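S.K.: Sharing structure.json, JSON, C-alpha atoms:
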[["chain", "number", "residue", "atom", "x", "y", "z"],
["U", 1, "MET", "CA", -3.19, 2.26, -15.56],
["U", 2, "ALA", "CA", -4.76, 2.16, -12.11],
["U", 3, "GLU", "CA", -8.24, 3.57, -11.94],
["U", 4, "PHE", "CA", -9.48, 5.22, -8.80],
["U", 5, "GLU", "CA", -12.73, 7.07, -8.29],
["U", 6, "ILE", "CA", -14.45, 8.90, -5.49],
["U", 7, "GLN", "CA", -18.19, 9.50, -5.25],
["U", 8, "PRO", "CA", -18.86, 12.06, -2.53],
["U", 9, "SER", "CA", -22.19, 12.49, -0.78],
["U", 10, "THR", "CA", -23.42, 14.08, 2.41],
["U", 11, "GLN", "CA", -25.40, 12.28, 5.07],
["U", 12, "SER", "CA", -26.24, 13.37, 8.56],
["U", 13, "ALA", "CA", -25.92, 12.05, 12.07],
["U", 14, "ARG", "CA", -28.10, 13.77, 14.66],
["U", 15, "GLY", "CA", -28.39, 16.81, 12.40],
["U", 16, "LYS", "CA", -24.65, 17.14, 11.80],
["U", 17, "PRO", "CA", -23.31, 16.62, 8.27],
["U", 18, "VAL", "CA", -21.14, 13.59, 7.60],
["U", 19, "GLN", "CA", -19.16, 13.49, 4.36],
["U", 20, "VAL", "CA", -19.28, 10.03, 2.83],
["U", 21, "LEU", "CA", -16.70, 9.25, 0.17],
["U", 22, "ARG", "CA", -17.38, 6.08, -1.76],
["U", 23, "LEU", "CA", -14.02, 4.80, -2.99],
["U", 24, "ALA", "CA", -13.62, 2.52, -5.97],
["U", 25, "GLY", "CA", -10.57, 1.08, -7.67],
["U", 26, "GLN", "CA", -6.91, 1.08, -6.77],
["U", 27, "LEU", "CA", -5.42, 3.54, -4.30],
["U", 28, "ASP", "CA", -1.69, 3.54, -4.88],
["U", 29, "ALA", "CA", 1.32, 5.83, -5.36],
["U", 30, "HIS", "CA", -0.20, 6.99, -8.65],
["U", 31, "THR", "CA", -3.78, 7.66, -7.57],
["U", 32, "PHE", "CA", -3.42, 8.82, -3.94],
["U", 33, "PRO", "CA", -3.36, 12.57, -4.85],
["U", 34, "VAL", "CA", -7.02, 12.25, -5.92],
["U", 35, "LEU", "CA", -8.02, 11.21, -2.40],
["U", 36, "GLN", "CA", -5.62, 13.65, -0.79],
["U", 37, "ARG", "CA", -7.13, 16.63, -2.65],
["U", 38, "GLU", "CA", -10.66, 15.57, -1.71],
["U", 39, "LEU", "CA", -9.79, 15.14, 1.96],
["U", 40, "GLU", "CA", -7.82, 18.37, 2.11],
["U", 41, "ALA", "CA", -10.87, 20.24, 0.80],
["U", 42, "ILE", "CA", -12.99, 18.69, 3.55],
["U", 43, "ALA", "CA", -10.32, 19.48, 6.16],
["U", 44, "ARG", "CA", -10.90, 23.19, 5.56],
["U", 45, "LYS", "CA", -14.39, 22.87, 7.08],
["U", 46, "ASP", "CA", -15.18, 22.98, 10.77],
["U", 47, "GLU", "CA", -15.49, 19.62, 12.54],
["U", 48, "PRO", "CA", -14.82, 17.53, 9.43],
["U", 49, "ARG", "CA", -16.67, 14.25, 9.87],
["U", 50, "VAL", "CA", -15.77, 11.75, 7.17],
["U", 51, "VAL", "CA", -16.62, 8.16, 6.38],
["U", 52, "LEU", "CA", -14.71, 6.35, 3.65],
["U", 53, "ASP", "CA", -16.92, 3.67, 2.16],
["U", 54, "CYS", "CA", -14.31, 1.15, 1.04],
["U", 55, "GLU", "CA", -16.51, -1.58, -0.38],
["U", 56, "GLY", "CA", -15.33, -0.88, -3.95],
["U", 57, "LEU", "CA", -11.69, -0.46, -3.04],
["U", 58, "GLU", "CA", -9.60, -3.12, -4.77],
["U", 59, "TYR", "CA", -6.13, -2.20, -3.60],
["U", 60, "VAL", "CA", -4.38, 0.12, -1.21],
["U", 61, "SER", "CA", -0.66, 0.78, -0.81],
["U", 62, "SER", "CA", 1.27, 2.73, 1.81],
["U", 63, "ALA", "CA", 0.86, 5.89, -0.27],
["U", 64, "GLY", "CA", -2.89, 5.68, 0.24],
["U", 65, "LEU", "CA", -2.55, 4.71, 3.89],
["U", 66, "GLY", "CA", -0.19, 7.64, 4.38],
["U", 67, "VAL", "CA", -2.96, 9.99, 3.27],
["U", 68, "LEU", "CA", -5.36, 8.38, 5.75],
["U", 69, "LYS", "CA", -3.03, 8.81, 8.70],
["U", 70, "LYS", "CA", -2.08, 12.39, 7.81],
["U", 71, "MET", "CA", -5.69, 13.46, 7.27],
["U", 72, "THR", "CA", -6.94, 11.65, 10.37],
["U", 73, "ARG", "CA", -4.63, 13.83, 12.38],
["U", 74, "ASP", "CA", -5.80, 16.98, 10.58],
["U", 75, "PHE", "CA", -9.48, 16.11, 11.09],
["U", 76, "ARG", "CA", -9.02, 15.26, 14.77],
["U", 77, "THR", "CA", -7.21, 18.54, 15.32],
["U", 78, "LYS", "CA", -10.45, 20.21, 14.21],
["U", 79, "GLN", "CA", -12.65, 17.97, 16.41],
["U", 80, "GLY", "CA", -13.62, 15.82, 13.45],
["U", 81, "ASP", "CA", -12.57, 12.31, 12.46],
["U", 82, "LEU", "CA", -12.03, 9.91, 9.59],
["U", 83, "ARG", "CA", -13.77, 6.54, 9.86],
["U", 84, "LEU", "CA", -13.87, 3.55, 7.55],
["U", 85, "ALA", "CA", -16.74, 1.34, 6.48],
["U", 86, "ARG", "CA", -17.02, -1.95, 4.59],
["U", 87, "LEU", "CA", -13.32, -2.65, 4.36],
["U", 88, "PRO", "CA", -12.54, -5.59, 2.01],
["U", 89, "GLU", "CA", -10.68, -8.37, 3.79],
["U", 90, "LYS", "CA", -7.49, -8.12, 1.74],
["U", 91, "ILE", "CA", -7.19, -4.42, 2.51],
["U", 92, "ASP", "CA", -7.98, -5.02, 6.18],
["U", 93, "ASN", "CA", -5.13, -7.56, 6.23],
["U", 94, "VAL", "CA", -2.62, -4.96, 5.01],
["U", 95, "MET", "CA", -3.88, -2.30, 7.42],
["U", 96, "ASN", "CA", -3.57, -4.74, 10.29],
["U", 97, "LEU", "CA", 0.11, -5.27, 9.49],
["U", 98, "LEU", "CA", 0.57, -1.60, 10.33],
["U", 99, "GLY", "CA", -1.74, -1.48, 13.34],
["U", 100, "PHE", "CA", -4.28, 0.87, 11.78],
["U", 101, "SER", "CA", -7.12, -0.86, 13.62],
["U", 102, "GLN", "CA", -5.72, 0.56, 16.88],
["U", 103, "VAL", "CA", -6.21, 4.11, 15.73],
["U", 104, "LEU", "CA", -8.95, 4.25, 13.10],
["U", 105, "ARG", "CA", -12.54, 3.27, 13.75],
["U", 106, "VAL", "CA", -13.68, 0.66, 11.24],
["U", 107, "PHE", "CA", -17.32, -0.37, 10.79],
["U", 108, "GLY", "CA", -18.88, -3.31, 9.00],
["U", 109, "GLY", "CA", -21.77, -1.22, 7.66],
["U", 110, "LEU", "CA", -21.96, 2.22, 6.10],
["U", 111, "ASP", "CA", -25.03, 3.30, 8.11],
["U", 112, "GLU", "CA", -23.31, 2.19, 11.29],
["U", 113, "ALA", "CA", -20.25, 4.28, 10.44],
["U", 114, "VAL", "CA", -22.32, 7.40, 9.71],
["U", 115, "ALA", "CA", -24.42, 6.88, 12.86],
["U", 116, "SER", "CA", -21.26, 6.60, 14.98],
["U", 117, "TYR", "CA", -20.91, 10.38, 14.67],
["U", 118, "ALA", "CA", -24.21, 10.81, 16.52],
["U", 119, "ASP", "CA", -22.44, 9.60, 19.67],
["U", 120, "ALA", "CA", -19.89, 12.39, 19.60],
["H", 1, "MET", "CA", 5.79, -27.14, -10.29],
["H", 2, "THR", "CA", 7.04, -25.15, -13.23],
["H", 3, "HIS", "CA", 9.90, -22.75, -12.90],
["H", 4, "ILE", "CA", 8.64, -19.36, -14.00],
["H", 5, "ARG", "CA", 10.71, -16.40, -15.08],
["H", 6, "ARG", "CA", 9.32, -13.06, -16.15],
["H", 7, "SER", "CA", 11.01, -9.77, -16.76],
["H", 8, "LEU", "CA", 9.94, -6.33, -17.83],
["H", 9, "THR", "CA", 11.32, -2.84, -18.04],
["H", 10, "ILE", "CA", 9.31, 0.25, -17.18],
["H", 11, "SER", "CA", 10.07, 3.95, -17.03],
["H", 12, "ASN", "CA", 10.09, 5.51, -13.57],
["H", 13, "GLU", "CA", 6.44, 6.60, -13.63],
["H", 14, "THR", "CA", 3.84, 5.67, -11.05],
["H", 15, "ARG", "CA", 1.29, 4.98, -13.79],
["H", 16, "HIS", "CA", 3.10, 1.68, -14.44],
["H", 17, "LEU", "CA", 2.60, 0.36, -10.91],
["H", 18, "SER", "CA", -0.75, -1.27, -11.65],
["H", 19, "LEU", "CA", 0.69, -3.10, -14.65],
["H", 20, "VAL", "CA", 3.49, -4.50, -12.50],
["H", 21, "ARG", "CA", 0.99, -5.59, -9.83],
["H", 22, "ALA", "CA", -0.89, -7.49, -12.55],
["H", 23, "VAL", "CA", 2.34, -9.22, -13.64],
["H", 24, "VAL", "CA", 3.17, -10.18, -10.03],
["H", 25, "SER", "CA", -0.33, -11.57, -9.65],
["H", 26, "GLU", "CA", 0.11, -13.69, -12.80],
["H", 27, "VAL", "CA", 3.41, -15.09, -11.55],
["H", 28, "LEU", "CA", 1.87, -15.87, -8.16],
["H", 29, "ASP", "CA", -0.96, -17.79, -9.82],
["H", 30, "ALA", "CA", 1.59, -20.55, -10.39],
["H", 31, "SER", "CA", 2.78, -20.52, -6.76],
["H", 32, "THR", "CA", 1.72, -22.41, -3.65],
["H", 33, "PHE", "CA", 1.17, -19.21, -1.63],
["H", 34, "ASP", "CA", -2.37, -18.86, -0.30],
["H", 35, "GLY", "CA", -4.55, -15.96, -1.44],
["H", 36, "LYS", "CA", -3.85, -13.83, 1.60],
["H", 37, "THR", "CA", -0.09, -14.18, 1.20],
["H", 38, "ARG", "CA", -0.30, -13.49, -2.54],
["H", 39, "ASN", "CA", -2.05, -10.20, -1.86],
["H", 40, "LYS", "CA", 0.58, -9.23, 0.66],
["H", 41, "ILE", "CA", 3.42, -10.08, -1.74],
["H", 42, "ILE", "CA", 1.81, -7.85, -4.37],
["H", 43, "VAL", "CA", 1.80, -5.05, -1.77],
["H", 44, "ALA", "CA", 5.47, -5.66, -0.88],
["H", 45, "VAL", "CA", 6.61, -5.54, -4.51],
["H", 46, "ASP", "CA", 4.47, -2.47, -5.15],
["H", 47, "GLU", "CA", 6.00, -0.70, -2.14],
["H", 48, "ALA", "CA", 9.52, -1.55, -3.24],
["H", 49, "LEU", "CA", 8.90, -0.41, -6.79],
["H", 50, "ALA", "CA", 7.07, 2.77, -5.75],
["H", 51, "ASN", "CA", 10.13, 3.77, -3.68],
["H", 52, "VAL", "CA", 12.43, 3.22, -6.64],
["H", 53, "VAL", "CA", 10.10, 5.09, -9.01],
["H", 54, "GLU", "CA", 9.94, 8.02, -6.63],
["H", 55, "HIS", "CA", 13.56, 8.29, -5.57],
["H", 56, "ALA", "CA", 15.97, 6.57, -7.98],
["H", 57, "TYR", "CA", 16.25, 9.21, -10.67],
["H", 58, "GLN", "CA", 15.74, 12.27, -8.41],
["H", 59, "GLY", "CA", 13.14, 13.98, -10.59],
["H", 60, "GLY", "CA", 14.70, 12.82, -13.87],
["H", 61, "THR", "CA", 13.67, 9.88, -15.99],
["H", 62, "GLY", "CA", 15.17, 6.46, -16.36],
["H", 63, "PRO", "CA", 14.42, 2.78, -16.79],
["H", 64, "ILE", "CA", 13.67, 0.26, -14.05],
["H", 65, "GLU", "CA", 14.14, -3.41, -14.77],
["H", 66, "LEU", "CA", 12.11, -6.02, -12.96],
["H", 67, "GLY", "CA", 12.74, -9.73, -12.77],
["H", 68, "PHE", "CA", 10.50, -12.39, -11.23],
["H", 69, "ASP", "CA", 11.81, -15.86, -10.60],
["H", 70, "LEU", "CA", 9.52, -18.48, -9.10],
["H", 71, "ASP", "CA", 11.01, -21.87, -8.42],
["H", 72, "PRO", "CA", 9.58, -24.65, -6.26],
["H", 73, "GLU", "CA", 11.20, -23.21, -3.15],
["H", 74, "LYS", "CA", 10.86, -19.47, -3.40],
["H", 75, "LEU", "CA", 9.89, -16.32, -5.22],
["H", 76, "VAL", "CA", 12.71, -13.89, -5.96],
["H", 77, "VAL", "CA", 11.91, -10.39, -7.21],
["H", 78, "ARG", "CA", 14.66, -8.12, -8.51],
["H", 79, "ILE", "CA", 14.21, -4.40, -9.03],
["H", 80, "ARG", "CA", 17.16, -2.72, -10.75],
["H", 81, "ASP", "CA", 17.93, 0.85, -11.64],
["H", 82, "ASN", "CA", 20.83, 3.08, -12.62],
["H", 83, "GLY", "CA", 19.79, 6.08, -10.57],
["H", 84, "VAL", "CA", 21.24, 7.44, -7.37],
["H", 85, "ARG", "CA", 22.77, 4.87, -5.07],
["H", 86, "PHE", "CA", 20.36, 3.99, -2.28],
["H", 87, "GLU", "CA", 21.02, 2.05, 0.90],
["H", 88, "PRO", "CA", 18.60, 2.41, 3.79],
["H", 89, "SER", "CA", 20.18, 2.84, 7.18],
["H", 90, "ALA", "CA", 20.33, -0.10, 9.55],
["H", 91, "ALA", "CA", 17.92, 1.82, 11.76],
["H", 92, "ARG", "CA", 15.35, 2.05, 8.97],
["H", 93, "LEU", "CA", 15.75, -1.63, 8.23],
["H", 94, "THR", "CA", 14.86, -2.58, 11.78],
["H", 95, "ALA", "CA", 12.55, 0.25, 12.88],
["H", 96, "GLN", "CA", 9.13, -0.64, 14.21],
["H", 97, "ILE", "CA", 6.07, 1.41, 13.31],
["H", 98, "ASP", "CA", 4.06, 3.11, 16.02],
["H", 99, "ILE", "CA", 0.99, 4.10, 14.08],
["H", 100, "LYS", "CA", -0.44, 6.09, 17.01],
["H", 101, "GLU", "CA", 2.69, 8.22, 17.02],
["H", 102, "HIS", "CA", 2.56, 8.63, 13.23],
["H", 103, "ILE", "CA", -0.98, 9.97, 13.49],
["H", 104, "ARG", "CA", -0.16, 12.18, 16.47],
["H", 105, "LEU", "CA", 2.65, 13.77, 14.46],
["H", 106, "GLY", "CA", 0.68, 13.87, 11.19],
["H", 107, "LEU", "CA", 3.32, 11.86, 9.33],
["H", 108, "LYS", "CA", 2.47, 10.79, 5.81],
["H", 109, "GLY", "CA", 5.28, 8.45, 4.82],
["H", 110, "GLY", "CA", 7.43, 5.82, 6.44],
["H", 111, "LEU", "CA", 5.26, 2.75, 5.94],
["H", 112, "GLY", "CA", 6.55, 1.18, 2.74],
["H", 113, "LEU", "CA", 9.82, -0.31, 3.90],
["H", 114, "PHE", "CA", 8.19, -1.60, 7.08],
["H", 115, "LEU", "CA", 5.49, -3.34, 5.02],
["H", 116, "MET", "CA", 8.13, -4.93, 2.78],
["H", 117, "ARG", "CA", 9.96, -6.25, 5.83],
["H", 118, "GLN", "CA", 6.80, -7.57, 7.41],
["H", 119, "ILE", "CA", 5.76, -9.44, 4.28],
["H", 120, "MET", "CA", 8.96, -10.76, 2.68],
["H", 121, "ASP", "CA", 11.48, -13.18, 4.20],
["H", 122, "GLU", "CA", 14.52, -11.34, 2.93],
["H", 123, "ILE", "CA", 15.31, -7.89, 1.57],
["H", 124, "GLN", "CA", 18.72, -7.29, 0.10],
["H", 125, "TYR", "CA", 20.27, -4.17, -1.42],
["H", 126, "VAL", "CA", 23.08, -4.88, -3.88],
["H", 127, "HIS", "CA", 25.15, -2.17, -5.55],
["H", 128, "ASP", "CA", 27.47, -1.48, -8.43],
["H", 129, "THR", "CA", 27.06, -4.69, -10.35],
["H", 130, "GLU", "CA", 25.54, -4.26, -13.78],
["H", 131, "PHE", "CA", 23.23, -1.74, -12.08],
["H", 132, "VAL", "CA", 23.75, 1.00, -9.52],
["H", 133, "ASN", "CA", 20.96, -0.43, -7.36],
["H", 134, "GLU", "CA", 19.48, -3.87, -7.20],
["H", 135, "LEU", "CA", 16.82, -4.61, -4.62],
["H", 136, "ILE", "CA", 16.18, -8.31, -4.15],
["H", 137, "LEU", "CA", 13.04, -9.48, -2.35],
["H", 138, "THR", "CA", 12.70, -13.15, -1.45],
["H", 139, "LYS", "CA", 9.75, -15.13, -0.11],
["H", 140, "LYS", "CA", 9.94, -18.86, 0.59],
["H", 141, "GLN", "CA", 7.09, -20.91, -0.79],
["H", 142, "PRO", "CA", 5.19, -23.43, 1.29],
["H", 143, "PRO", "CA", 5.47, -26.99, 0.00],
["H", 144, "PRO", "CA", 2.65, -27.97, -2.35],
["H", 145, "ALA", "CA", -0.32, -29.71, -0.74],
["H", 146, "GLU", "CA", -0.17, -33.45, -1.34],
["H", 147, "ALA", "CA", -2.58, -34.73, -3.97],
["H", 148, "PRO", "CA", -5.35, -36.86, -2.47],
["H", 149, "ALA", "CA", -4.89, -40.61, -2.86],
["H", 150, "GLY", "CA", -6.22, -41.87, -6.18],
["H", 151, "ALA", "CA", -6.23, -38.39, -7.73]]
Is it possible to give me this structure as structure tokens?
M.R.:
Amino acid sequence: MAEFEIQPSTQSARGKPVQVLRLAGQLDAHTFPVLQRELEAIARKDEPRVVLDCEGLEYVSSAGLGVLKKMTRDFRTKQGDLRLARLPEKIDNVMNLLGFSQVLRVFGGLDEAVASYADA
Amino acid sequence: MTHIRRSLTISNETRHLSLVRAVVSEVLDASTFDGKTRNKIIVAVDEALANVVEHAYQGGTGPIELGFDLDPEKLVVRIRDNGVRFEPSAARLTAQIDIKEHIRLGLKGGLGLFLMRQIMDEIQYVHDTEFVNELILTKKQPPPAEAPAGA
């Protein structure tokens, strides 16, 4: 059975909170509700600023990517955003097939991704 | 190269998807696909199967049979079920994805079939044989790299 875990933490960029979710395991049609619930809870806040730390992510399917695109829209509607950090190459390859790099900001480092919210 | 055949039957539950990905990975270990292509094929099969798991039995339960056939020229994956007949429209089989538009509209689905098409060489829906639905995914293999002289 696919295992998927989220470790949430809060960091800050220029005094504003940034929710960092460290993802580990396989994000597929079985496990995506775990991420969806977590992101929906964050979406209830004002200006939801989120970084998904993907270093431990082993697999992602369209079910997981569907959550990302839906929640990105919800966050942006509330002047927040969803950004990605440390994307493994094989996952980046799949996301590129769909053109995600045109619409989501992806950073090589976690600190860089968190700090990007200081520019807003 | 050896001709490899594997088959398995699962119930229509998403918890089995990771097991099937592991089986696909094992089959691909014997192929000439590079690592990047292998990962994409695993995604394509997972997308195809996830669709069948979600839609074939319309909330009920039922078996899904999978067959993997790797010969020197190609990989053929068959996903068979006896659920509700499914045939995507021609429009869905050729539609392009505008991810900016998807995000603007807050759409959640609509990526799986596109990924399958992007990754595999051929996608075929066959009906009313031994099964109500048979989805056949084919990917041609690159020729094996020539062994170095003297090896």
S.K.: Counting only C-alpha atoms, a student should be able to say which residues of chain H come within 6 Å of chain U; what is the right answer, written as a ChimeraX atom specification?
M.R.: /H:14-15,18,103,106-109,111-112
S.K.: For CA of Glu5 in chain U and CA of Gln79 in chain U, quote the distance in Å rounded to one decimal.
M.R.: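 It comes out at 27.0 Å.
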S.K.: When you draw a straight line from CA of Gly110 in chain H to CA of Ala95 in chain H, how long is it in Å?
M.R.: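 Calculated distance between CA of Gly110 in chain H and CA of Ala95 in chain H is 9.9 Å.
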S.K.: Under the rule that all atoms listed in the file are counted, which of U:Gly80, U:Pro88, U:Pro33, U:Gly25 is the nearest residue to Glu55 in chain U?
M.R.: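 Under the stated criterion, the closest residue is U:Pro88.
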S.K.: Pick out the residues sitting within 9 Å of Asn39 in chain H, and hand them over as a list in words; count all atoms listed in the file, and ignore anything fewer than 3 positions along from it in its own chain.
M.R.: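 In the requested format, the answer is Lys90, Ile91 and Val94 of chain U; Ser25, Asp34, Gly35, Lys36, Ile42, Val43 and Ala44 of chain H.
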S.K.: Mind listing as a list in words all residues within 12 Å of (13.8, 12.0, -11.7), counting only C-alpha atoms?
M.R.: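 Applying the cut-off with only C-alpha atoms, one gets Ser11, Asn12, Glu13, Thr14, Val52, Val53, Glu54, His55, Ala56, Tyr57, Gln58, Gly59, Gly60, Thr61, Gly62, Pro63, Ile64, Asp81, Asn82, Gly83 and Val84 of chain H.
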S.K.: Take CA of Val20 in chain U and CA of Arg104 in chain H and report the distance between them in Å, one decimal.
M.R.: 23.6 Å
S.K.: Write out as a list in words the residues lying within 10 Å of Asp71 in chain H, counting all atoms listed in the file and excluding same-chain residues fewer than 6 positions away.
M.R.: Met1, Thr2, His3, Ile4, Arg5, Ala30, Ser31, Lys140 and Gln141 of chain H
S.K.: Nearest residue to Lys74 in chain H out of H:Arg21, H:Lys139, H:Arg6, H:Arg38, using all atoms listed in the file?
M.R.: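 Distance minimum relative to Lys74 in chain H lands on H:Lys139.
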S.K.: Could you give me, as a PyMOL selection string, the residues within 9 Å of Arg83 in chain U, counting only C-alpha atoms and dropping anything in the same chain fewer than 5 positions from it?
M.R.: chain U and resi 49-53+72+104-107+113-114
S.K.: Store the residues picked out above, limited to C-alpha atoms, as a PDB file, in the coordinates of the input.
M.R.:
ATOM      1  CA  ARG U  49     -16.670  14.250   9.870  1.00  0.00           C
ATOM      2  CA  VAL U  50     -15.770  11.750   7.170  1.00  0.00           C
ATOM      3  CA  VAL U  51     -16.620   8.160   6.380  1.00  0.00           C
ATOM      4  CA  LEU U  52     -14.710   6.350   3.650  1.00  0.00           C
ATOM      5  CA  ASP U  53     -16.920   3.670   2.160  1.00  0.00           C
ATOM      6  CA  THR U  72      -6.940  11.650  10.370  1.00  0.00           C
ATOM      7  CA  LEU U 104      -8.950   4.250  13.100  1.00  0.00           C
ATOM      8  CA  ARG U 105     -12.540   3.270  13.750  1.00  0.00           C
ATOM      9  CA  VAL U 106     -13.680   0.660  11.240  1.00  0.00           C
ATOM     10  CA  PHE U 107     -17.320  -0.370  10.790  1.00  0.00           C
ATOM     11  CA  ALA U 113     -20.250   4.280  10.440  1.00  0.00           C
ATOM     12  CA  VAL U 114     -22.320   7.400   9.710  1.00  0.00           C
TER      13      VAL U 114
END
S.K.: Using all atoms of range 72-88 of chain U listed in the file and a margin of 6 Å per side, can you give the axis-aligned box centre and edge lengths in Å to one decimal, as AutoDock Vina command-line options?
M.R.:
--center_x -10.8 --center_y 7.3 --center_z 9.2 --size_x 24.4 --size_y 37.8 --size_z 26.4
S.K.: Give me the residues within 7 Å of Thr138 in chain H as a list in words, counting all atoms listed in the file and dropping any in the same chain fewer than 2 places off.
M.R.: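 The residues that qualify are Lys74, Leu75, Val76, Val77, Met120, Asp121, Glu122, Ile123, Ile136 and Lys140 of chain H.
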S.K.: Store the residues of this selection in a file with C-alpha atoms, as a compact mmCIF listing (two decimals), in the coordinates of the input.
M.R.:
# COMPACT_ATOMS: atom_id res chain seq x y z
CA LYS H 74 10.86 -19.47 -3.40
CA LEU H 75 9.89 -16.32 -5.22
CA VAL H 76 12.71 -13.89 -5.96
CA VAL H 77 11.91 -10.39 -7.21
CA MET H 120 8.96 -10.76 2.68
CA ASP H 121 11.48 -13.18 4.20
CA GLU H 122 14.52 -11.34 2.93
CA ILE H 123 15.31 -7.89 1.57
CA ILE H 136 16.18 -8.31 -4.15
CA LYS H 140 9.94 -18.86 0.59
S.K.: Please, could N, CA, C and O atoms be added to range 76-89 of chain U and the result written as a compact mmCIF listing (two decimals), in the frame of the given file?
M.R.:
# COMPACT_ATOMS: atom_id res chain seq x y z
N ARG U 76 -8.88 15.33 13.30
CA ARG U 76 -9.02 15.26 14.77
C ARG U 76 -8.59 16.57 15.43
O ARG U 76 -9.14 16.95 16.46
N THR U 77 -7.63 17.23 14.80
CA THR U 77 -7.21 18.54 15.32
C THR U 77 -8.38 19.53 15.29
O THR U 77 -8.46 20.44 16.11
N LYS U 78 -9.29 19.31 14.34
CA LYS U 78 -10.45 20.21 14.21
C LYS U 78 -11.72 19.55 14.76
O LYS U 78 -12.83 19.82 14.30
N GLN U 79 -11.54 18.66 15.73
CA GLN U 79 -12.65 17.97 16.41
C GLN U 79 -13.51 17.12 15.46
O GLN U 79 -14.68 16.84 15.72
N GLY U 80 -12.93 16.73 14.35
CA GLY U 80 -13.62 15.82 13.45
C GLY U 80 -12.96 14.44 13.51
O GLY U 80 -12.22 14.14 14.46
N ASP U 81 -13.21 13.62 12.50
CA ASP U 81 -12.57 12.31 12.46
C ASP U 81 -12.70 11.73 11.05
O ASP U 81 -13.46 12.25 10.22
N LEU U 82 -11.94 10.67 10.82
CA LEU U 82 -12.03 9.91 9.59
C LEU U 82 -12.29 8.46 9.98
O LEU U 82 -11.53 7.88 10.75
N ARG U 83 -13.40 7.91 9.51
CA ARG U 83 -13.77 6.54 9.86
C ARG U 83 -13.98 5.72 8.60
O ARG U 83 -14.32 6.27 7.55
N LEU U 84 -13.80 4.43 8.73
CA LEU U 84 -13.87 3.55 7.55
C LEU U 84 -15.05 2.61 7.66
O LEU U 84 -15.40 2.16 8.76
N ALA U 85 -15.63 2.30 6.52
CA ALA U 85 -16.74 1.34 6.48
C ALA U 85 -16.51 0.33 5.36
O ALA U 85 -15.92 0.66 4.33
N ARG U 86 -16.99 -0.87 5.60
CA ARG U 86 -17.02 -1.95 4.59
C ARG U 86 -15.65 -2.19 3.95
O ARG U 86 -15.49 -2.16 2.73
N LEU U 87 -14.70 -2.43 4.81
CA LEU U 87 -13.32 -2.65 4.36
C LEU U 87 -13.17 -4.07 3.80
O LEU U 87 -13.42 -5.03 4.52
N PRO U 88 -12.77 -4.24 2.54
CA PRO U 88 -12.54 -5.59 2.01
C PRO U 88 -11.44 -6.30 2.82
O PRO U 88 -10.50 -5.65 3.30
N GLU U 89 -11.58 -7.60 2.92
CA GLU U 89 -10.68 -8.37 3.79
C GLU U 89 -9.20 -8.18 3.41
O GLU U 89 -8.35 -8.03 4.29
